[in-house]
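Enquirer: Have a look at the structure that comes next, please.
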Amino acid sequence: MSIEIKNLTHIYNPNTSFERKAIDNINISIPDGQFVGLIGHTGSGKSTLIQHLNSLVKPSSGHVLIDGEDINLDKKNLKSVRQKVGLVFQYPEHQLFEVTVLKDVAFGPTAMGLSEEEINERVNEALDVVGISPELHGRSPFELSGGQKRRVAIAGVLAMRPKILVLDEPTAGLDPRGREELFDRIKKMHDRLKITIILVSHSMEDVAKLVDRIIVLENGIIFDDGTPEKVFKRGEELEEIGLAAPQISYLMSALKAQGLDVPDDVFTVADAEEVLFEVFRGDISG
Amino acid sequence: MDIINCKNITYLYSRYVDEEKIHVEFEALKNVSLNIEKGSFVAILGQNGSGKSTLAKNMNALVVPKEGDVYVYEYNTKNTEFMFDIRKRVGMVFQNPDNQIVAGIVEEDIAFGPENLGIPPDEIRKRVDDALKIVRMTDYYDASPHMLSGGQKQRVAIAGIIAMKPDCIVLDEPTAMLDPLGRKEVINTVKLLNKEFGITIVLITHFMEEAVQADRIVVMEDGQIVMEGTPKEVFSRVDEMKNTGLDVPQVTELAHNLKKRGVEGLSDGILTIEEMVNELLRLKK
């Protein structure tokens, strides 16, 4: 499902001394099925922006169109909008509450009033997508590891079968393996379900590995928008706005600055390995 | 000299399974011995659930071991008489800054600790000002904490600990919720406290780039210490680290992979971009 954000502005506490423009007249168009990374320092407007996507907050001016439809036109649509656009907040495992994994994931679809058969099908599918094996289904969600808990919480949103999934810092606080597993799952989920995914993250290394496109927010406006290659080339500028490029980007820039003939738009370990292997292989044979 | 000495400690958590009220005991720490030398900077790595946080909580008597003993200087943490003496010397900073800020104004929040230690008002004033200066938050002395960024809040939390003049600060994933700038601010502050003020640092983290800054790294797995050494020693063991569910800095991994594929002459345990650049330029010549 496509997302169209038109001249969106959001002002917190308007007409008070705390008035603050969190989003300043931005335009974004995301086609169906795209995997987008949204980055920006704390307070840059990321959370405000994503909360507009399912009308948790309403624009001060401007429009949000999901599949061509303005979601704020008719209040009656809210329910269907929130089913179409699933939001996974930071630390979603804090929202787990049921006695078993199955019951927790079933909460959303049950509230949607689906048949028991349909609920079961969706719950099993969602848990399968996030890689929670059947022997864990009957366990208390609170008995699981941090990474598992978080995947169960994400399954709870997936079970509503959203067409657009927004993940806010899904790997914060997870250990490296937990991070890798979760991202691997998200990537597979994107390939399998063909849904639009918006990933908010502070980990540039992780964003670099996953997304087709990066949108950089700064002070409520779009600082940059493009492929990871394009965005991470601007490492120094990203640092000026409190962000960073992946470590590999800095390495490649430094090597280039020292006169080595390497491209500076490489930002993953795997790509850098290929490039440097080519450069230094000559030395091995010769 | 050791500031903290954990001697063969074991710690058990009780768990209740499902609704059936089956009582299970779970060993979070299994016979762990670790000493923290005064003035050192130690990073503790390990997967979620490996026992890192439990170990940290044992270091200032937030919990006491079931078996074995923890000494802070000569004080055994099991003796509740020493609790004040221990907590005055070993301060803790947790992951979520919002959970550890108690007052509505930055300087009042920092004064909370020393006030509870019964420090005279003039001295508190001085300590708060000094602490604000060290974490570079002087300009925000009268700000409301909820208006600050995550990195700023975390630095206020650290200032609150500094104002108690501890000899050691234990930080449990202090940067997990922060953006890249916030992470850098907090880590730079931690380094400053260690290098300039001689405060002993125990840093628990999931970010390998942060662990590189330490003098010594301790790796935990399943309630036990499985690796220990300088960052260079520990991160040289790339495959072992990955098997433990951990990682190494990106440049370390890159150098390791290139070596595996036959690029000769790269040394083990390259930790920083600068080292990697120098190594590669040296090879090119």
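Letters A, B, ... go to the chains of the structure tokens in the order shown; residues in each chain start at 1; ligands are counted from 1 in the same order.
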Dump as a PyMOL selection string the residues of chain A that approach chain B to within 6 Å, counting only C-alpha atoms.
Expert: chain A and resi 41+140+172-173+175-177+202+242-243+251+269
Enquirer: Among region 164-213 of chain A, which residues carry a DSSP assignment of strand (DSSP E or B), reported as a PyMOL selection string?
Expert: chain A and resi 164-168+196-200+213
Enquirer: Any chance you can output those residues with all heavy atoms as a PDB file, in the first residue's frame?
Expert:
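The new file out-v1.pdb reads:
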```
ATOM      1  N   ILE A 164       0.932  -1.973   5.792  1.00  0.00           N
ATOM      2  CA  ILE A 164       2.098  -1.124   6.046  1.00  0.00           C
ATOM      3  C   ILE A 164       2.543  -1.382   7.479  1.00  0.00           C
ATOM      4  O   ILE A 164       1.720  -1.388   8.394  1.00  0.00           O
ATOM      5  CB  ILE A 164       1.739   0.367   5.885  1.00  0.00           C
ATOM      6  CG1 ILE A 164       1.334   0.653   4.432  1.00  0.00           C
ATOM      7  CG2 ILE A 164       2.903   1.263   6.314  1.00  0.00           C
ATOM      8  CD1 ILE A 164       0.702   2.001   4.222  1.00  0.00           C
ATOM      9  N   LEU A 165       3.829  -1.642   7.660  1.00  0.00           N
ATOM     10  CA  LEU A 165       4.323  -1.914   9.001  1.00  0.00           C
ATOM     11  C   LEU A 165       5.378  -0.873   9.359  1.00  0.00           C
ATOM     12  O   LEU A 165       6.333  -0.660   8.620  1.00  0.00           O
ATOM     13  CB  LEU A 165       4.930  -3.319   9.051  1.00  0.00           C
ATOM     14  CG  LEU A 165       5.418  -3.784  10.421  1.00  0.00           C
ATOM     15  CD1 LEU A 165       4.258  -3.962  11.387  1.00  0.00           C
ATOM     16  CD2 LEU A 165       6.185  -5.097  10.291  1.00  0.00           C
ATOM     17  N   VAL A 166       5.170  -0.208  10.493  1.00  0.00           N
ATOM     18  CA  VAL A 166       6.121   0.788  10.942  1.00  0.00           C
ATOM     19  C   VAL A 166       6.781   0.273  12.213  1.00  0.00           C
ATOM     20  O   VAL A 166       6.100  -0.073  13.177  1.00  0.00           O
ATOM     21  CB  VAL A 166       5.416   2.133  11.246  1.00  0.00           C
ATOM     22  CG1 VAL A 166       6.446   3.200  11.609  1.00  0.00           C
ATOM     23  CG2 VAL A 166       4.580   2.582  10.060  1.00  0.00           C
ATOM     24  N   LEU A 167       8.109   0.179  12.200  1.00  0.00           N
ATOM     25  CA  LEU A 167       8.841  -0.349  13.356  1.00  0.00           C
ATOM     26  C   LEU A 167       9.717   0.746  13.930  1.00  0.00           C
ATOM     27  O   LEU A 167      10.602   1.260  13.250  1.00  0.00           O
ATOM     28  CB  LEU A 167       9.717  -1.522  12.918  1.00  0.00           C
ATOM     29  CG  LEU A 167       8.997  -2.724  12.306  1.00  0.00           C
ATOM     30  CD1 LEU A 167       9.891  -3.431  11.309  1.00  0.00           C
ATOM     31  CD2 LEU A 167       8.567  -3.688  13.393  1.00  0.00           C
ATOM     32  N   ASP A 168       9.473   1.113  15.188  1.00  0.00           N
ATOM     33  CA  ASP A 168      10.248   2.169  15.829  1.00  0.00           C
ATOM     34  C   ASP A 168      11.341   1.529  16.686  1.00  0.00           C
ATOM     35  O   ASP A 168      11.047   0.922  17.709  1.00  0.00           O
ATOM     36  CB  ASP A 168       9.319   3.037  16.694  1.00  0.00           C
ATOM     37  CG  ASP A 168      10.007   4.314  17.157  1.00  0.00           C
ATOM     38  OD1 ASP A 168      11.200   4.505  16.850  1.00  0.00           O
ATOM     39  OD2 ASP A 168       9.342   5.124  17.824  1.00  0.00           O
ATOM     40  N   THR A 196       4.712  -2.841   2.787  1.00  0.00           N
ATOM     41  CA  THR A 196       5.566  -1.666   2.886  1.00  0.00           C
ATOM     42  C   THR A 196       6.103  -1.608   4.311  1.00  0.00           C
ATOM     43  O   THR A 196       5.335  -1.770   5.255  1.00  0.00           O
ATOM     44  CB  THR A 196       4.724  -0.397   2.612  1.00  0.00           C
ATOM     45  OG1 THR A 196       4.014  -0.601   1.393  1.00  0.00           O
ATOM     46  CG2 THR A 196       5.593   0.840   2.515  1.00  0.00           C
ATOM     47  N   ILE A 197       7.408  -1.411   4.462  1.00  0.00           N
ATOM     48  CA  ILE A 197       7.961  -1.336   5.817  1.00  0.00           C
ATOM     49  C   ILE A 197       8.713  -0.036   6.019  1.00  0.00           C
ATOM     50  O   ILE A 197       9.489   0.384   5.156  1.00  0.00           O
ATOM     51  CB  ILE A 197       8.898  -2.529   6.121  1.00  0.00           C
ATOM     52  CG1 ILE A 197       8.135  -3.848   6.018  1.00  0.00           C
ATOM     53  CG2 ILE A 197       9.535  -2.389   7.505  1.00  0.00           C
ATOM     54  CD1 ILE A 197       8.924  -5.063   6.443  1.00  0.00           C
ATOM     55  N   ILE A 198       8.440   0.607   7.132  1.00  0.00           N
ATOM     56  CA  ILE A 198       9.209   1.794   7.521  1.00  0.00           C
ATOM     57  C   ILE A 198       9.936   1.462   8.808  1.00  0.00           C
ATOM     58  O   ILE A 198       9.318   1.093   9.808  1.00  0.00           O
ATOM     59  CB  ILE A 198       8.293   3.015   7.711  1.00  0.00           C
ATOM     60  CG1 ILE A 198       7.597   3.312   6.381  1.00  0.00           C
ATOM     61  CG2 ILE A 198       9.101   4.222   8.184  1.00  0.00           C
ATOM     62  CD1 ILE A 198       6.645   4.470   6.427  1.00  0.00           C
ATOM     63  N   LEU A 199      11.255   1.560   8.752  1.00  0.00           N
ATOM     64  CA  LEU A 199      12.076   1.176   9.890  1.00  0.00           C
ATOM     65  C   LEU A 199      12.753   2.415  10.471  1.00  0.00           C
ATOM     66  O   LEU A 199      13.517   3.083   9.781  1.00  0.00           O
ATOM     67  CB  LEU A 199      13.134   0.173   9.419  1.00  0.00           C
ATOM     68  CG  LEU A 199      14.225  -0.202  10.405  1.00  0.00           C
ATOM     69  CD1 LEU A 199      13.671  -1.077  11.514  1.00  0.00           C
ATOM     70  CD2 LEU A 199      15.358  -0.936   9.690  1.00  0.00           C
ATOM     71  N   VAL A 200      12.448   2.715  11.726  1.00  0.00           N
ATOM     72  CA  VAL A 200      13.122   3.812  12.406  1.00  0.00           C
ATOM     73  C   VAL A 200      14.266   3.201  13.195  1.00  0.00           C
ATOM     74  O   VAL A 200      14.053   2.250  13.955  1.00  0.00           O
ATOM     75  CB  VAL A 200      12.163   4.533  13.378  1.00  0.00           C
ATOM     76  CG1 VAL A 200      12.881   5.657  14.105  1.00  0.00           C
ATOM     77  CG2 VAL A 200      10.959   5.071  12.626  1.00  0.00           C
ATOM     78  N   ARG A 213      15.822   2.535   0.695  1.00  0.00           N
ATOM     79  CA  ARG A 213      15.792   3.989   0.663  1.00  0.00           C
ATOM     80  C   ARG A 213      15.897   4.525   2.083  1.00  0.00           C
ATOM     81  O   ARG A 213      15.358   3.923   3.008  1.00  0.00           O
ATOM     82  CB  ARG A 213      14.453   4.408   0.060  1.00  0.00           C
ATOM     83  CG  ARG A 213      14.131   5.878   0.149  1.00  0.00           C
ATOM     84  CD  ARG A 213      12.744   6.079  -0.441  1.00  0.00           C
ATOM     85  NE  ARG A 213      12.292   7.448  -0.329  1.00  0.00           N
ATOM     86  CZ  ARG A 213      11.033   7.830  -0.596  1.00  0.00           C
ATOM     87  NH1 ARG A 213      10.144   6.926  -0.984  1.00  0.00           N
ATOM     88  NH2 ARG A 213      10.684   9.077  -0.485  1.00  0.00           N
TER      89      ARG A 213
END
```
Enquirer: Just the residues within 7 Å of Glu27 (chain B), please, counting only C-alpha atoms, with nothing from its chain fewer than 6 positions along; format it as a list in words.
Expert: Tyr11, Leu12 and Tyr13 of chain B
Enquirer: Those residues with N, CA and C atoms, as a PDB file, in the first residue's frame please?
Expert:
```
ATOM      1  N   TYR B  11      24.292 -16.805  41.871  1.00  0.00           N
ATOM      2  CA  TYR B  11      23.055 -16.094  42.164  1.00  0.00           C
ATOM      3  C   TYR B  11      21.875 -16.824  41.529  1.00  0.00           C
ATOM      4  N   LEU B  12      20.810 -16.998  42.293  1.00  0.00           N
ATOM      5  CA  LEU B  12      19.642 -17.724  41.793  1.00  0.00           C
ATOM      6  C   LEU B  12      18.435 -16.802  41.698  1.00  0.00           C
ATOM      7  N   TYR B  13      17.707 -16.938  40.603  1.00  0.00           N
ATOM      8  CA  TYR B  13      16.408 -16.281  40.511  1.00  0.00           C
ATOM      9  C   TYR B  13      15.345 -17.358  40.637  1.00  0.00           C
TER      10      TYR B  13
END
```
Enquirer: One decimal, Å: what's the distance from CA of Asp109 (chain B) over to CA of Ile4 (chain B), could you say?
Expert: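 So the two atoms, CA of Asp109 (chain B) and CA of Ile4 (chain B), lie 27.3 Å apart.
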Enquirer: Could you check how far CA of Val186 (chain B) sits from CA of Glu180 (chain A), in Å to one decimal?
Expert: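 It comes out at 24.6 Å.
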Enquirer: From the list B:Val24, B:Met227, B:Ala159, B:Leu117, which residue is nearest Ala131 (chain B) when using only C-alpha atoms?
Expert: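 The answer is B:Ala159, which sits nearest to Ala131 (chain B).
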Enquirer: For a quick check of understanding, using only C-alpha atoms, which of A:Arg139, A:Lys194, A:Arg161, A:Lys46 has the smallest distance to Lys84 (chain A)?
Expert: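 Checking each of A:Arg139, A:Lys194, A:Arg161, A:Lys46 against Lys84 (chain A), counting only C-alpha atoms, the winner is A:Arg161.
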Enquirer: Extract, using only C-alpha atoms, all DNA, RNA and protein residues at most 12 Å from Thr80 (chain B), discarding same-chain residues fewer than 6 positions from it, and format them as a list in words.
Expert: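 With the cut-off at 12 Å, the set is Asn60, Ala61, Leu62, Val63, Val64, Ile86 and Arg87 of chain B.
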Enquirer: For Val90 (chain B), find every residue with an atom within 12 Å (counting only C-alpha atoms), except residues of its own chain fewer than 2 positions away, and show them as number ranges by chain.
Expert: B: 3-4, 36, 38, 56-62, 71-73, 75, 77, 83-88, 92-93, 161-162, 164-171, 199-202
Enquirer: For CA of Ala43 (chain B) and CA of Arg136 (chain B), quote the distance in Å rounded to one decimal.
Expert: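 Distance between the two atoms: 23.5 Å.
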Enquirer: What's the 12 Å shell around Glu118 (chain A), counting only C-alpha atoms, without same-chain residues fewer than 5 positions away, as a PyMOL selection string?
Expert: chain A and resi 106+109-110+112-113+123-125+159-161
Enquirer: Any idea what's packed within 12 Å of region 58-63 of chain A, counting only C-alpha atoms, ignoring anything in its chain fewer than 3 positions away? Could you give it as a PDB file with N, CA, C and O atoms, in the first residue's frame?
Expert:
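Done, and the output landed in selection_21.pdb:
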```pdb
ATOM      1  N   ILE A   3       1.998   5.265   0.454  1.00  0.00           N
ATOM      2  CA  ILE A   3       1.817   6.338   1.428  1.00  0.00           C
ATOM      3  C   ILE A   3       2.157   7.648   0.739  1.00  0.00           C
ATOM      4  O   ILE A   3       3.170   7.745   0.041  1.00  0.00           O
ATOM      5  N   GLU A   4       1.303   8.617   0.936  1.00  0.00           N
ATOM      6  CA  GLU A   4       1.539   9.929   0.340  1.00  0.00           C
ATOM      7  C   GLU A   4       1.410  10.968   1.449  1.00  0.00           C
ATOM      8  O   GLU A   4       0.365  11.082   2.060  1.00  0.00           O
ATOM      9  N   ILE A   5       2.497  11.663   1.722  1.00  0.00           N
ATOM     10  CA  ILE A   5       2.440  12.705   2.750  1.00  0.00           C
ATOM     11  C   ILE A   5       2.566  14.045   2.051  1.00  0.00           C
ATOM     12  O   ILE A   5       3.536  14.282   1.330  1.00  0.00           O
ATOM     13  N   LYS A   6       1.538  14.880   2.210  1.00  0.00           N
ATOM     14  CA  LYS A   6       1.503  16.137   1.459  1.00  0.00           C
ATOM     15  C   LYS A   6       1.505  17.350   2.375  1.00  0.00           C
ATOM     16  O   LYS A   6       0.594  17.512   3.186  1.00  0.00           O
ATOM     17  N   ASN A   7       2.520  18.170   2.240  1.00  0.00           N
ATOM     18  CA  ASN A   7       2.643  19.429   2.987  1.00  0.00           C
ATOM     19  C   ASN A   7       2.295  19.260   4.455  1.00  0.00           C
ATOM     20  O   ASN A   7       1.572  20.075   5.032  1.00  0.00           O
ATOM     21  N   LEU A   8       2.823  18.221   5.064  1.00  0.00           N
ATOM     22  CA  LEU A   8       2.464  17.919   6.447  1.00  0.00           C
ATOM     23  C   LEU A   8       3.219  18.811   7.439  1.00  0.00           C
ATOM     24  O   LEU A   8       4.445  18.931   7.389  1.00  0.00           O
ATOM     25  N   THR A   9       2.455  19.436   8.309  1.00  0.00           N
ATOM     26  CA  THR A   9       3.046  20.238   9.385  1.00  0.00           C
ATOM     27  C   THR A   9       2.396  19.789  10.680  1.00  0.00           C
ATOM     28  O   THR A   9       1.194  19.528  10.719  1.00  0.00           O
ATOM     29  N   HIS A  10       3.224  19.637  11.721  1.00  0.00           N
ATOM     30  CA  HIS A  10       2.624  19.359  13.022  1.00  0.00           C
ATOM     31  C   HIS A  10       3.220  20.282  14.081  1.00  0.00           C
ATOM     32  O   HIS A  10       4.426  20.363  14.239  1.00  0.00           O
ATOM     33  N   ILE A  11       2.339  20.974  14.769  1.00  0.00           N
ATOM     34  CA  ILE A  11       2.779  21.901  15.810  1.00  0.00           C
ATOM     35  C   ILE A  11       2.249  21.405  17.151  1.00  0.00           C
ATOM     36  O   ILE A  11       1.046  21.189  17.312  1.00  0.00           O
ATOM     37  N   TYR A  12       3.175  21.170  18.101  1.00  0.00           N
ATOM     38  CA  TYR A  12       2.756  20.783  19.449  1.00  0.00           C
ATOM     39  C   TYR A  12       2.418  22.035  20.256  1.00  0.00           C
ATOM     40  O   TYR A  12       3.066  23.070  20.093  1.00  0.00           O
ATOM     41  N   ASN A  13       1.455  21.927  21.133  1.00  0.00           N
ATOM     42  CA  ASN A  13       1.038  23.032  22.006  1.00  0.00           C
ATOM     43  C   ASN A  13       0.897  24.364  21.278  1.00  0.00           C
ATOM     44  O   ASN A  13       1.532  25.341  21.639  1.00  0.00           O
ATOM     45  N   PRO A  14       0.092  24.419  20.209  1.00  0.00           N
ATOM     46  CA  PRO A  14      -0.015  25.674  19.458  1.00  0.00           C
ATOM     47  C   PRO A  14      -0.572  26.793  20.331  1.00  0.00           C
ATOM     48  O   PRO A  14      -1.357  26.530  21.259  1.00  0.00           O
ATOM     49  N   ARG A  20       5.830  24.306  19.535  1.00  0.00           N
ATOM     50  CA  ARG A  20       7.003  23.774  18.859  1.00  0.00           C
ATOM     51  C   ARG A  20       6.587  23.077  17.575  1.00  0.00           C
ATOM     52  O   ARG A  20       5.677  22.248  17.560  1.00  0.00           O
ATOM     53  N   LYS A  21       7.262  23.449  16.489  1.00  0.00           N
ATOM     54  CA  LYS A  21       6.959  22.834  15.202  1.00  0.00           C
ATOM     55  C   LYS A  21       7.765  21.547  15.081  1.00  0.00           C
ATOM     56  O   LYS A  21       8.976  21.575  14.919  1.00  0.00           O
ATOM     57  N   ALA A  22       7.120  20.398  15.182  1.00  0.00           N
ATOM     58  CA  ALA A  22       7.846  19.134  15.135  1.00  0.00           C
ATOM     59  C   ALA A  22       8.040  18.663  13.697  1.00  0.00           C
ATOM     60  O   ALA A  22       9.034  18.033  13.364  1.00  0.00           O
ATOM     61  N   ILE A  23       7.042  18.959  12.848  1.00  0.00           N
ATOM     62  CA  ILE A  23       7.119  18.595  11.433  1.00  0.00           C
ATOM     63  C   ILE A  23       6.803  19.858  10.649  1.00  0.00           C
ATOM     64  O   ILE A  23       5.811  20.531  10.917  1.00  0.00           O
ATOM     65  N   ASP A  24       7.670  20.171   9.682  1.00  0.00           N
ATOM     66  CA  ASP A  24       7.543  21.454   9.005  1.00  0.00           C
ATOM     67  C   ASP A  24       7.350  21.275   7.499  1.00  0.00           C
ATOM     68  O   ASP A  24       8.310  21.154   6.753  1.00  0.00           O
ATOM     69  N   ASN A  25       6.116  21.179   7.096  1.00  0.00           N
ATOM     70  CA  ASN A  25       5.759  21.178   5.679  1.00  0.00           C
ATOM     71  C   ASN A  25       6.541  20.135   4.870  1.00  0.00           C
ATOM     72  O   ASN A  25       7.270  20.498   3.943  1.00  0.00           O
ATOM     73  N   ILE A  26       6.401  18.880   5.212  1.00  0.00           N
ATOM     74  CA  ILE A  26       7.167  17.889   4.458  1.00  0.00           C
ATOM     75  C   ILE A  26       6.296  17.095   3.482  1.00  0.00           C
ATOM     76  O   ILE A  26       5.093  16.953   3.670  1.00  0.00           O
ATOM     77  N   ASN A  27       6.955  16.638   2.426  1.00  0.00           N
ATOM     78  CA  ASN A  27       6.308  15.838   1.389  1.00  0.00           C
ATOM     79  C   ASN A  27       7.101  14.551   1.190  1.00  0.00           C
ATOM     80  O   ASN A  27       8.300  14.600   0.972  1.00  0.00           O
ATOM     81  N   ILE A  28       6.424  13.427   1.304  1.00  0.00           N
ATOM     82  CA  ILE A  28       7.081  12.140   1.088  1.00  0.00           C
ATOM     83  C   ILE A  28       6.110  11.253   0.322  1.00  0.00           C
ATOM     84  O   ILE A  28       4.906  11.254   0.613  1.00  0.00           O
ATOM     85  N   SER A  29       6.636  10.522  -0.633  1.00  0.00           N
ATOM     86  CA  SER A  29       5.798   9.574  -1.341  1.00  0.00           C
ATOM     87  C   SER A  29       6.480   8.207  -1.296  1.00  0.00           C
ATOM     88  O   SER A  29       7.618   8.053  -1.724  1.00  0.00           O
ATOM     89  N   THR A  48       6.921  11.738  15.722  1.00  0.00           N
ATOM     90  CA  THR A  48       5.733  12.510  15.360  1.00  0.00           C
ATOM     91  C   THR A  48       5.280  12.110  13.963  1.00  0.00           C
ATOM     92  O   THR A  48       4.085  11.888  13.719  1.00  0.00           O
ATOM     93  N   LEU A  49       6.239  11.986  13.059  1.00  0.00           N
ATOM     94  CA  LEU A  49       5.899  11.625  11.685  1.00  0.00           C
ATOM     95  C   LEU A  49       5.210  10.262  11.618  1.00  0.00           C
ATOM     96  O   LEU A  49       4.146  10.134  11.011  1.00  0.00           O
ATOM     97  N   ILE A  50       5.795   9.265  12.265  1.00  0.00           N
ATOM     98  CA  ILE A  50       5.208   7.924  12.116  1.00  0.00           C
ATOM     99  C   ILE A  50       3.842   7.816  12.812  1.00  0.00           C
ATOM    100  O   ILE A  50       3.005   7.053  12.391  1.00  0.00           O
ATOM    101  N   GLN A  51       3.648   8.632  13.846  1.00  0.00           N
ATOM    102  CA  GLN A  51       2.343   8.575  14.505  1.00  0.00           C
ATOM    103  C   GLN A  51       1.233   9.175  13.638  1.00  0.00           C
ATOM    104  O   GLN A  51       0.057   8.946  13.888  1.00  0.00           O
ATOM    105  N   HIS A  52       1.640   9.936  12.611  1.00  0.00           N
ATOM    106  CA  HIS A  52       0.642  10.441  11.667  1.00  0.00           C
ATOM    107  C   HIS A  52       0.143   9.346  10.731  1.00  0.00           C
ATOM    108  O   HIS A  52      -0.925   9.464  10.149  1.00  0.00           O
ATOM    109  N   LEU A  53       0.968   8.292  10.573  1.00  0.00           N
ATOM    110  CA  LEU A  53       0.661   7.310   9.536  1.00  0.00           C
ATOM    111  C   LEU A  53      -0.580   6.482   9.844  1.00  0.00           C
ATOM    112  O   LEU A  53      -1.183   5.920   8.949  1.00  0.00           O
ATOM    113  N   ASN A  54      -0.931   6.371  11.139  1.00  0.00           N
ATOM    114  CA  ASN A  54      -2.231   5.745  11.383  1.00  0.00           C
ATOM    115  C   ASN A  54      -3.114   6.632  12.250  1.00  0.00           C
ATOM    116  O   ASN A  54      -3.932   6.163  13.009  1.00  0.00           O
ATOM    117  N   SER A  55      -2.857   7.933  12.090  1.00  0.00           N
ATOM    118  CA  SER A  55      -3.757   8.925  12.673  1.00  0.00           C
ATOM    119  C   SER A  55      -3.773   8.912  14.204  1.00  0.00           C
ATOM    120  O   SER A  55      -4.767   9.258  14.822  1.00  0.00           O
ATOM    121  N   ILE A  66      -3.233   7.206   2.523  1.00  0.00           N
ATOM    122  CA  ILE A  66      -2.849   5.802   2.475  1.00  0.00           C
ATOM    123  C   ILE A  66      -3.637   5.190   1.329  1.00  0.00           C
ATOM    124  O   ILE A  66      -4.873   5.236   1.347  1.00  0.00           O
ATOM    125  N   GLY A  68      -4.057   6.375  -1.528  1.00  0.00           N
ATOM    126  CA  GLY A  68      -4.821   7.425  -2.203  1.00  0.00           C
ATOM    127  C   GLY A  68      -5.923   8.047  -1.371  1.00  0.00           C
ATOM    128  O   GLY A  68      -6.557   9.015  -1.799  1.00  0.00           O
ATOM    129  N   GLU A  69      -6.151   7.530  -0.169  1.00  0.00           N
ATOM    130  CA  GLU A  69      -7.253   8.052   0.631  1.00  0.00           C
ATOM    131  C   GLU A  69      -6.771   8.871   1.822  1.00  0.00           C
ATOM    132  O   GLU A  69      -5.912   8.408   2.578  1.00  0.00           O
ATOM    133  N   ASP A  70      -7.297  10.043   1.992  1.00  0.00           N
ATOM    134  CA  ASP A  70      -6.924  10.895   3.120  1.00  0.00           C
ATOM    135  C   ASP A  70      -7.474  10.275   4.406  1.00  0.00           C
ATOM    136  O   ASP A  70      -8.684  10.180   4.595  1.00  0.00           O
ATOM    137  N   ILE A  71      -6.568   9.843   5.299  1.00  0.00           N
ATOM    138  CA  ILE A  71      -7.026   9.076   6.467  1.00  0.00           C
ATOM    139  C   ILE A  71      -7.691   9.936   7.528  1.00  0.00           C
ATOM    140  O   ILE A  71      -8.308   9.427   8.451  1.00  0.00           O
ATOM    141  N   ASN A  72      -7.552  11.261   7.415  1.00  0.00           N
ATOM    142  CA  ASN A  72      -8.135  12.116   8.447  1.00  0.00           C
ATOM    143  C   ASN A  72      -9.454  12.755   8.028  1.00  0.00           C
ATOM    144  O   ASN A  72      -9.988  13.601   8.740  1.00  0.00           O
ATOM    145  N   LEU A  73      -9.960  12.359   6.843  1.00  0.00           N
ATOM    146  CA  LEU A  73     -11.189  12.977   6.359  1.00  0.00           C
ATOM    147  C   LEU A  73     -12.413  12.511   7.133  1.00  0.00           C
ATOM    148  O   LEU A  73     -13.271  13.292   7.508  1.00  0.00           O
ATOM    149  N   LYS A  75     -13.755  10.234  10.355  1.00  0.00           N
ATOM    150  CA  LYS A  75     -13.395   9.545  11.597  1.00  0.00           C
ATOM    151  C   LYS A  75     -13.791   8.085  11.602  1.00  0.00           C
ATOM    152  O   LYS A  75     -13.171   7.255  12.260  1.00  0.00           O
ATOM    153  N   LEU A  78     -11.175   5.384  10.862  1.00  0.00           N
ATOM    154  CA  LEU A  78     -10.019   5.177  11.743  1.00  0.00           C
ATOM    155  C   LEU A  78      -9.701   3.714  11.995  1.00  0.00           C
ATOM    156  O   LEU A  78      -8.565   3.298  11.940  1.00  0.00           O
TER     157      LEU A  78
END
```
Enquirer: Could you give me the residues within region 145-280 of chain A that DSSP places in helix (DSSP H, G or I), as an MDAnalysis selection string?
Expert: chainID A and resid 146:158 176:193 204:210 228:232 235:240 247:257 269:280
Enquirer: Smallest atom-to-atom distance to Gly223 (chain B): which of B:Val32, B:Lys7, B:Glu279, B:Pro114, using only C-alpha atoms?
Expert: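 Looking at the shortest contact to Gly223 (chain B), the residue is B:Val32.
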